[in-house]
Amino acid sequence: MSSISRVVCRGLLVSLFAVLPWAHASYVHRINQWRAARVAKLTAPNGWLSLVALDWLHKGINRIGSAGNNDIVFKRVPAHLGSVTWAPDGTLHLKLAPHRHVSVDGKKVTSAMLVDDTQVKKGIMPTKVSFGNISFYVIDRDGRKALRVKDTQAPARKHFAGLDYFPVRASWRIKAQWIPFNPPHQVKMTNVIGNVNTVKIPGKAVFRRNGRRFTLLPIQEEKGGDLFFVLADRTSGKETYGASRFLDVELPAGGIHKKGEVVLDFNKAYNPPCAFTHFATCPLPLVQNRLDLAITAGEKKYHSEH
């Protein structure tokens with residue numbers, strides 16, 4: 001190597017080591033911003049910490065209120081709030097007793113058709129019924145329908161204990177090969193309440209760690225939306241939540257239907273809602289997404305104060 005080449009190489013090395021600490025600090029700052037946004041969303045008045053009940057509906061009339069003779073009993077609402085009728089054609093009809101503090105999507109009405117959460121993919125939000133701090137809407141899980149009840153004054157929200165993380169390490173920001181499936185694979189995915197749904201897998205992310213090859217399969221909850229990974233690893237049930245963690249990943253630059261790269265930033269791996277409440281219906285990892293690898297990055301187990 002010539003003297004000029006040696007000087008250039010030394011110069012590049014000096015520049016590299018001068019930049020790296022700043023680059024790392026910038027990366028840590030971005031991760032911390034992401035974590036702050038995560039906490040804000042989790043602890044919002046309508047966030048997962050406000051969830052207080054999940055009550056399944058039966059066909060026909062479901063009476064709702066705080067009195068014990070209702071089919072569904074809520075605390076801190078009138079004795080007889082009203083009823084939800086699940087009609088033979090599958091539609092849901094809400095009929096309210098006359099209470100001035102009850103609203104449906106912010107409007108004072110005494111009756112309404114209820115839209116469940118299956119319409120979210122079409123950009124239609126479920127109908128929200130509110131009474132003071134309490135609100136509910138209908139979810140549909142494989143044909144079963146339930147009222148998801150939230151309370152802005154829920155103990156889990158009022159006594160949130162904060163989140164714990166592994167140290168931020170840029171080495172866990174991994175570039176993976178994206179291999180699309182054309183057409184998408186259809187697989188069965190189970191959730192924590194035992195429902196089994198068929199989901200579409202648009203492709204796979206392949207990466208290497210410690211000299212080994214790993215594959216993760218995502219779903220895409222919304223057309224054009226991020227890739228959504230449900231995964232478990234060697235830390236699950238130990239340092240991290242036992243059932244799973246979630247990871248949202250941006251689409252490859254060339255689009256979901258072309259080979260390319262995706263960035264798996266495991267520093268952004270986060271707990272599912274089921275880590276904070278018994279009333280969520282979280283998906284469980286596919287067998288292929290249970291990795292023989294300890295991912296010591298991202299969110300750790302949640303330790304509630306109550």
# chains A, B, ... in the order shown; residues from 1 in each chain; ligands from 1

$ residues_around --residues "range 288-304 of chain A" --least-positions-apart "5" --cutoff "10 Å" --atoms "only C-alpha atoms" --output "MDAnalysis selection string"
chainID A and resid 31 35 156 159:173 209:210 212 214:218 229:242 244:247 265:271 275:276

$ residues_around --residues "range 224-226 of chain A" --least-positions-apart "3" --cutoff "10 Å" --atoms "only C-alpha atoms" --output "ChimeraX atom specification"
/A:218-221,229,247-252,255-256

$ residues_around --residues "Leu114 in chain A" --least-positions-apart "3" --cutoff "12 Å" --atoms "only C-alpha atoms" --output "ChimeraX atom specification"
/A:83-87,90-95,104-105,111,117-119,124-129,136-140,145-147

$ closest_residue --among "A:His29, A:Arg141, A:Arg213, A:His24" --to "Gln177 in chain A" --atoms "only C-alpha atoms"
A:Arg213

$ closest_atom_pairs --of "range 90-148 of chain A" --to "range 65-82 of chain A" --cutoff "7 Å" --atoms "only C-alpha atoms" --output "CSV"
residue,atom,partner,partner_atom,distance
A:Lys95,CA,A:Gly82,CA,5.5
A:Leu96,CA,A:Gly82,CA,4.2
A:Ala97,CA,A:Gly82,CA,5.1
A:Phe131,CA,A:Val77,CA,7.0

$ write_last_selection --atoms "N, CA and C atoms" --output "PDB file, in the first residue's frame"
ATOM      1  N   LYS A  95     -80.628   0.433  22.027  1.00  0.00           N
ATOM      2  CA  LYS A  95     -81.770   1.209  22.530  1.00  0.00           C
ATOM      3  C   LYS A  95     -81.415   1.685  23.926  1.00  0.00           C
ATOM      4  N   LEU A  96     -81.453   2.997  24.129  1.00  0.00           N
ATOM      5  CA  LEU A  96     -81.043   3.587  25.396  1.00  0.00           C
ATOM      6  C   LEU A  96     -82.235   4.055  26.211  1.00  0.00           C
ATOM      7  N   ALA A  97     -82.125   3.857  27.518  1.00  0.00           N
ATOM      8  CA  ALA A  97     -83.081   4.494  28.415  1.00  0.00           C
ATOM      9  C   ALA A  97     -82.770   5.993  28.410  1.00  0.00           C
ATOM     10  N   PHE A 131     -70.713   7.185  28.471  1.00  0.00           N
ATOM     11  CA  PHE A 131     -71.441   7.684  29.634  1.00  0.00           C
ATOM     12  C   PHE A 131     -70.397   8.111  30.659  1.00  0.00           C
TER      13      PHE A 131
END

$ residues_around --residues "range 37-50 of chain A" --least-positions-apart "3" --cutoff "6 Å" --atoms "only C-alpha atoms" --output "PyMOL selection string"
chain A and resi 34+150-152+154+156-157

$ closest_residue --among "A:Leu286, A:Ile64, A:Leu51, A:Leu264" --to "Arg148 in chain A" --atoms "only C-alpha atoms"
A:Leu51

$ select_by_dssp --residues "range 73-255 of chain A" --states "helix (DSSP H, G or I)" --output "PyMOL selection string"
chain A and resi 117-122+155-158+170-172

$ write_last_selection --atoms "C-alpha atoms" --output "PDB file, in the first residue's frame"
ATOM      1  CA  ASP A 117     -64.598  -3.171  14.540  1.00  0.00           C
ATOM      2  CA  THR A 118     -64.524  -5.366  11.423  1.00  0.00           C
ATOM      3  CA  GLN A 119     -65.141  -2.215   9.382  1.00  0.00           C
ATOM      4  CA  VAL A 120     -61.914  -0.534  10.489  1.00  0.00           C
ATOM      5  CA  LYS A 121     -60.094  -1.941   7.446  1.00  0.00           C
ATOM      6  CA  LYS A 122     -62.533   0.064   5.331  1.00  0.00           C
ATOM      7  CA  PRO A 155     -56.765   1.633  37.899  1.00  0.00           C
ATOM      8  CA  ALA A 156     -54.304   0.322  35.305  1.00  0.00           C
ATOM      9  CA  ARG A 157     -54.145   3.772  33.729  1.00  0.00           C
ATOM     10  CA  LYS A 158     -54.094   5.741  36.981  1.00  0.00           C
ATOM     11  CA  ALA A 170     -27.705  -0.489  17.134  1.00  0.00           C
ATOM     12  CA  SER A 171     -26.608  -4.081  16.433  1.00  0.00           C
ATOM     13  CA  TRP A 172     -30.260  -5.112  16.897  1.00  0.00           C
TER      14      TRP A 172
END
